[in-house]
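Colleague: Take a look at the following structure, please.
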Amino acid sequence: MLKALSSSSCSSSDAEEEVRNEKSDSSTASSVPVKILSNEEKNKLSASILKAELLGNMELASELKKRLDASNKLSIASQSPGSKERKKNVGRDEDEDEILMMRDMKGNVRPYPEQKHHAEIDGGRRRKKHKVETHKDGVRVKYFEDDDRHTMKSLYEQEKLRRDWDGDAAMFNKLASKAMQQLDDDEYAIDDELLAKESRKKSDLFIESKQKQRAIIDQKKMAQKIESCQSCFNNTEKHLIVSIGSKVYLSLPRSKSMVDGHCLIVPMQHTCQSNSCDEDVYQEIMAYKKSLVAMFKENDEDIVFMETCKNLPSYPHLTIECIPLPREEGDMAPIYFKKALMECDSEWSQNKKLIEIKNKTIRQSVPTGFPYFHVAFGLDEGYAHVIEDENKFPQYFGREVVGGMLDIDATLWRKPRIEKIEEQIIKVTNFAKRWKPHDFSLPKSK
Ligand SMILES: [Zn+2]
């Protein structure tokens with residue numbers, strides 16, 4: 001297996017440098033104190049292990065493996081009740097040191113905003129009423145005492161974060177106003193202003209507490225997803241990898257390939273969309289695309305790159321599917337995809353069904369947080385489509401179009417079977433031979 005891998009890539013000077021750094025970090029694995037690693041650190045360490053193996057430095061690879069295993073064991077042990085690590089955290093707010101993230105109404109993940117409400121609001125004690133200056137030099141400067149409690153910025157943030165709890169808040173307001181109606185007229189007249197103010201404050205608090213609860217749930221869901229994600233570099237099957245860049249890797253599918261040369265461009269760290277990933281990740285994705293176009297051109301082949309980004313609340317890992325096509329079919333591909341995209345999804349769509357990306361990239365064509373499909377024809381950015389009804393847009397949409405063009409059996413594009421490991425190694429070895437001269441991560445021969 002290792003032989004197949006070592007013929008693939010990564011005897012790069014960068015890789016050697018990284019491995020040297022790892023080595024200088026740790027003279028022996030046992031001399032490094034064991035700590036729980038973050039997902040990013042785990043992915044980095046896994047990449048170093050693989051690179052050390054490819055460079056034939058088995059001693060270092062084994063040391064780094066021990067470090068990774070020890071960290072994983074410590075991580076599991078820390079979850080069990082009564083463990084030292086867990087006890088350390090007793091009495092401390094679990095989320096104290098973490099930046100709480102939340103998903104807004106458009107699906108973007110952003111830091112949870114700091115709330116500035118005073119505890120006294122919650123306590124329900126009424127402050128002594130004092131006169132409010134509403135005019136200055138004869139000009140009205142405010143209407144009510146709390147006019148300046150919300151700035152334009154905080155109102156804008158609140159609007160962005162508004163989600164389904166707005167319905168609950170509306171219900172809360174309704175109940176509050178109903179309760180107010182039950183007061184007799186005199187009492188109502190006296191307490192009118194105070195009750196209205198109190199109701200507004202409680203409503204704000206209610207929304208804030210709902211937002212925080214949702215942010216905590218989102219954070220936990222995201223952490224669980226990343227921990228078990230099979231595309232994150234730390235968890236992925238290493239024998240399928242043909243090239244390791246600094247942020248992105250190139251691998252072959254576990255399942256039966258649709259055609260010879262079918263491969264996947266995948267970021268090492270968990271990220272959901274190419275239109276919202278970090279710029280350096282995006283640039284490396286483009287570098288892989290460029291090299292693949294050059295590789296298939298040698299065989300007089302074209303290539304389509306497809307990204308199906310849907311089901312965002314479950315935090316999918318961005319994967320770009322690359323399928324080579326004979327030149328003739330490649331020339332026809334834009335026509336096939338145009339027709340398929342015009343007929344897909346819901347009949348009455350609010351967005352333009354076909355976004356032609358000319359002199360732009362996908363990052364400038366579809367706003368972040370929307371589910372979308374993107375197909376590029378070689379280095380031509382091609383078409384994008386904003387998915388409106390995810391139930392009517394299958395994950396295999398792009399593969400189905402290619403399957404129709406090449407008259408490929410549905411079993412190969414709908415839900416292809418997982419290949420045996422021997423079959424996987426043969427296809428990786430064959431692909432690696434073709435790929436090697438185009439691998440930009442390899443040192444240039446002098
Ligand atoms: Zn992932």
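Numbering starts fresh at 1 for the residues of each chain in the structure tokens, the chains themselves are lettered A, B, ... in the order given, and ligands are numbered from 1 as they appear.
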Which chains and residue numbers are within 7 Å of ligand 1, counting only C-alpha atoms and all ligand atoms, if I want them as a count of residues only?
Modeller: 9
Colleague: Mind checking which residues fall within 12 Å of Met258 of chain A, counting only C-alpha atoms, ignoring those fewer than 6 positions away in the same chain, and posting them as a PyMOL selection string?
Modeller: chain A and resi 252+321-325+396+398-404+406-417
Colleague: Could you write those residues out with N, CA, C and O atoms, as an mmCIF file, in the first residue's frame?
Modeller:
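Saved to part.cif:
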data_model
loop_
_atom_site.group_PDB
_atom_site.id
_atom_site.type_symbol
_atom_site.label_atom_id
_atom_site.label_comp_id
_atom_site.auth_asym_id
_atom_site.auth_seq_id
_atom_site.Cartn_x
_atom_site.Cartn_y
_atom_site.Cartn_z
ATOM 1 N N LEU A 252 -8.808 9.796 -4.780
ATOM 2 C CA LEU A 252 -9.721 9.101 -5.680
ATOM 3 C C LEU A 252 -10.925 8.628 -4.865
ATOM 4 O O LEU A 252 -10.815 8.437 -3.650
ATOM 5 N N GLU A 321 -15.818 17.350 -7.376
ATOM 6 C CA GLU A 321 -15.723 16.128 -8.162
ATOM 7 C C GLU A 321 -15.150 16.469 -9.540
ATOM 8 O O GLU A 321 -15.618 17.401 -10.190
ATOM 9 N N CYS A 322 -14.137 15.721 -9.967
ATOM 10 C CA CYS A 322 -13.472 16.016 -11.244
ATOM 11 C C CYS A 322 -13.649 14.801 -12.157
ATOM 12 O O CYS A 322 -13.201 13.705 -11.810
ATOM 13 N N ILE A 323 -14.321 15.011 -13.293
ATOM 14 C CA ILE A 323 -14.570 13.884 -14.202
ATOM 15 C C ILE A 323 -14.058 14.228 -15.602
ATOM 16 O O ILE A 323 -14.542 15.173 -16.231
ATOM 17 N N PRO A 324 -13.054 13.461 -16.080
ATOM 18 C CA PRO A 324 -12.558 13.718 -17.435
ATOM 19 C C PRO A 324 -13.543 13.221 -18.494
ATOM 20 O O PRO A 324 -14.285 12.269 -18.260
ATOM 21 N N LEU A 325 -13.564 13.910 -19.638
ATOM 22 C CA LEU A 325 -14.464 13.543 -20.738
ATOM 23 C C LEU A 325 -13.665 13.525 -22.036
ATOM 24 O O LEU A 325 -12.752 14.340 -22.205
ATOM 25 N N TYR A 396 -26.531 13.642 -6.629
ATOM 26 C CA TYR A 396 -25.857 13.080 -7.808
ATOM 27 C C TYR A 396 -26.233 13.809 -9.104
ATOM 28 O O TYR A 396 -25.964 13.308 -10.192
ATOM 29 N N GLY A 398 -25.072 16.321 -10.922
ATOM 30 C CA GLY A 398 -24.002 16.520 -11.911
ATOM 31 C C GLY A 398 -23.532 15.200 -12.508
ATOM 32 O O GLY A 398 -23.313 15.087 -13.718
ATOM 33 N N ARG A 399 -23.404 14.186 -11.628
ATOM 34 C CA ARG A 399 -22.952 12.862 -12.116
ATOM 35 C C ARG A 399 -23.984 12.284 -13.079
ATOM 36 O O ARG A 399 -23.644 11.629 -14.060
ATOM 37 N N GLU A 400 -25.270 12.553 -12.800
ATOM 38 C CA GLU A 400 -26.332 12.037 -13.675
ATOM 39 C C GLU A 400 -26.229 12.659 -15.073
ATOM 40 O O GLU A 400 -26.392 11.969 -16.083
ATOM 41 N N VAL A 401 -25.927 13.975 -15.117
ATOM 42 C CA VAL A 401 -25.799 14.645 -16.422
ATOM 43 C C VAL A 401 -24.633 14.027 -17.199
ATOM 44 O O VAL A 401 -24.767 13.672 -18.377
ATOM 45 N N VAL A 402 -23.483 13.853 -16.513
ATOM 46 C CA VAL A 402 -22.318 13.253 -17.182
ATOM 47 C C VAL A 402 -22.646 11.815 -17.596
ATOM 48 O O VAL A 402 -22.307 11.378 -18.704
ATOM 49 N N GLY A 403 -23.351 11.092 -16.715
ATOM 50 C CA GLY A 403 -23.750 9.712 -17.011
ATOM 51 C C GLY A 403 -24.594 9.647 -18.279
ATOM 52 O O GLY A 403 -24.421 8.756 -19.114
ATOM 53 N N GLY A 404 -25.508 10.630 -18.432
ATOM 54 C CA GLY A 404 -26.357 10.690 -19.627
ATOM 55 C C GLY A 404 -25.530 10.967 -20.875
ATOM 56 O O GLY A 404 -25.739 10.365 -21.926
ATOM 57 N N LEU A 406 -22.344 10.284 -21.393
ATOM 58 C CA LEU A 406 -21.429 9.191 -21.747
ATOM 59 C C LEU A 406 -22.137 7.834 -21.798
ATOM 60 O O LEU A 406 -21.489 6.808 -22.001
ATOM 61 N N ASP A 407 -23.461 7.856 -21.575
ATOM 62 C CA ASP A 407 -24.250 6.632 -21.570
ATOM 63 C C ASP A 407 -23.695 5.622 -20.550
ATOM 64 O O ASP A 407 -23.411 4.472 -20.878
ATOM 65 N N ILE A 408 -23.527 6.112 -19.329
ATOM 66 C CA ILE A 408 -22.980 5.270 -18.254
ATOM 67 C C ILE A 408 -24.133 4.726 -17.417
ATOM 68 O O ILE A 408 -25.106 5.449 -17.141
ATOM 69 N N ASP A 409 -24.014 3.484 -16.992
ATOM 70 C CA ASP A 409 -25.069 2.841 -16.211
ATOM 71 C C ASP A 409 -25.343 3.613 -14.909
ATOM 72 O O ASP A 409 -24.416 4.101 -14.257
ATOM 73 N N ALA A 410 -26.632 3.692 -14.539
ATOM 74 C CA ALA A 410 -27.038 4.469 -13.350
ATOM 75 C C ALA A 410 -26.372 3.997 -12.067
ATOM 76 O O ALA A 410 -26.178 4.788 -11.136
ATOM 77 N N THR A 411 -26.001 2.708 -12.009
ATOM 78 C CA THR A 411 -25.371 2.203 -10.777
ATOM 79 C C THR A 411 -24.031 2.904 -10.518
ATOM 80 O O THR A 411 -23.544 2.916 -9.397
ATOM 81 N N LEU A 412 -23.441 3.480 -11.567
ATOM 82 C CA LEU A 412 -22.142 4.142 -11.390
ATOM 83 C C LEU A 412 -22.267 5.599 -10.963
ATOM 84 O O LEU A 412 -21.295 6.206 -10.522
ATOM 85 N N TRP A 413 -23.457 6.206 -11.146
ATOM 86 C CA TRP A 413 -23.570 7.598 -10.713
ATOM 87 C C TRP A 413 -24.579 7.811 -9.584
ATOM 88 O O TRP A 413 -24.476 8.751 -8.827
ATOM 89 N N ARG A 414 -25.562 6.913 -9.447
ATOM 90 C CA ARG A 414 -26.568 7.138 -8.402
ATOM 91 C C ARG A 414 -26.000 6.829 -7.013
ATOM 92 O O ARG A 414 -25.898 7.705 -6.169
ATOM 93 N N LYS A 415 -25.634 5.573 -6.807
ATOM 94 C CA LYS A 415 -25.016 5.207 -5.527
ATOM 95 C C LYS A 415 -24.011 4.091 -5.795
ATOM 96 O O LYS A 415 -24.292 2.909 -5.556
ATOM 97 N N PRO A 416 -22.833 4.454 -6.323
ATOM 98 C CA PRO A 416 -21.882 3.410 -6.716
ATOM 99 C C PRO A 416 -21.382 2.600 -5.520
ATOM 100 O O PRO A 416 -21.301 3.118 -4.406
ATOM 101 N N ARG A 417 -21.053 1.327 -5.780
ATOM 102 C CA ARG A 417 -20.606 0.449 -4.688
ATOM 103 C C ARG A 417 -19.181 0.805 -4.263
ATOM 104 O O ARG A 417 -18.392 1.315 -5.072
#
Colleague: Give me the residues near segment 337-353 of chain A as a ChimeraX atom specification, where near means some atom within 6 Å (using only C-alpha atoms) and where sequence neighbours in that chain fewer than 2 positions away do not count.
Modeller: /A:334-335,385,389,392-393
Colleague: Export, as a short mmCIF file (atom, residue, chain, number, x, y, z; two decimals), in the first residue's frame, the selected residues with C-alpha atoms.
Modeller:
data_model
loop_
_atom_site.label_atom_id
_atom_site.label_comp_id
_atom_site.auth_asym_id
_atom_site.auth_seq_id
_atom_site.Cartn_x
_atom_site.Cartn_y
_atom_site.Cartn_z
CA PRO A 334 -21.99 23.16 -21.54
CA ILE A 335 -25.07 22.49 -23.69
CA HIS A 385 -27.40 27.34 -9.89
CA ASP A 389 -35.83 23.05 -3.29
CA LYS A 392 -35.85 18.11 -5.80
CA PHE A 393 -32.12 18.49 -6.39
#
Colleague: Considering only C-alpha atoms, return as a ChimeraX atom specification whatever protein or nucleic-acid residues lie within 9 Å of Lys310 of chain A, sequence-local ones (same chain, fewer than 6 positions apart) excluded.
Modeller: /A:316,370-373,387,390,393,395
Colleague: What are the DSSP alpha helix (DSSP H) residues of segment 279-393 of chain A, as a ChimeraX atom specification?
Modeller: /A:279-297,327-343
Colleague: I'd like the interatomic distance between atom CA of Val259 of chain A and atom CA of Met332 of chain A, to a tenth of an Å.
Modeller: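 It comes out at 17.3 Å.
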Colleague: Could you check how far atom CA of Glu422 of chain A sits from atom CA of Lys256 of chain A, in Å to one decimal?
Modeller: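 For atom CA of Glu422 of chain A relative to atom CA of Lys256 of chain A, the distance reads 12.1 Å.
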Colleague: Residues within 12 Å of Glu237 of chain A, please, as a ChimeraX atom specification. Count only C-alpha atoms; anything in the same chain fewer than 3 positions from it doesn't count.
Modeller: /A:1,5,46-47,50,229-234,240-242,249-254,421,424-425
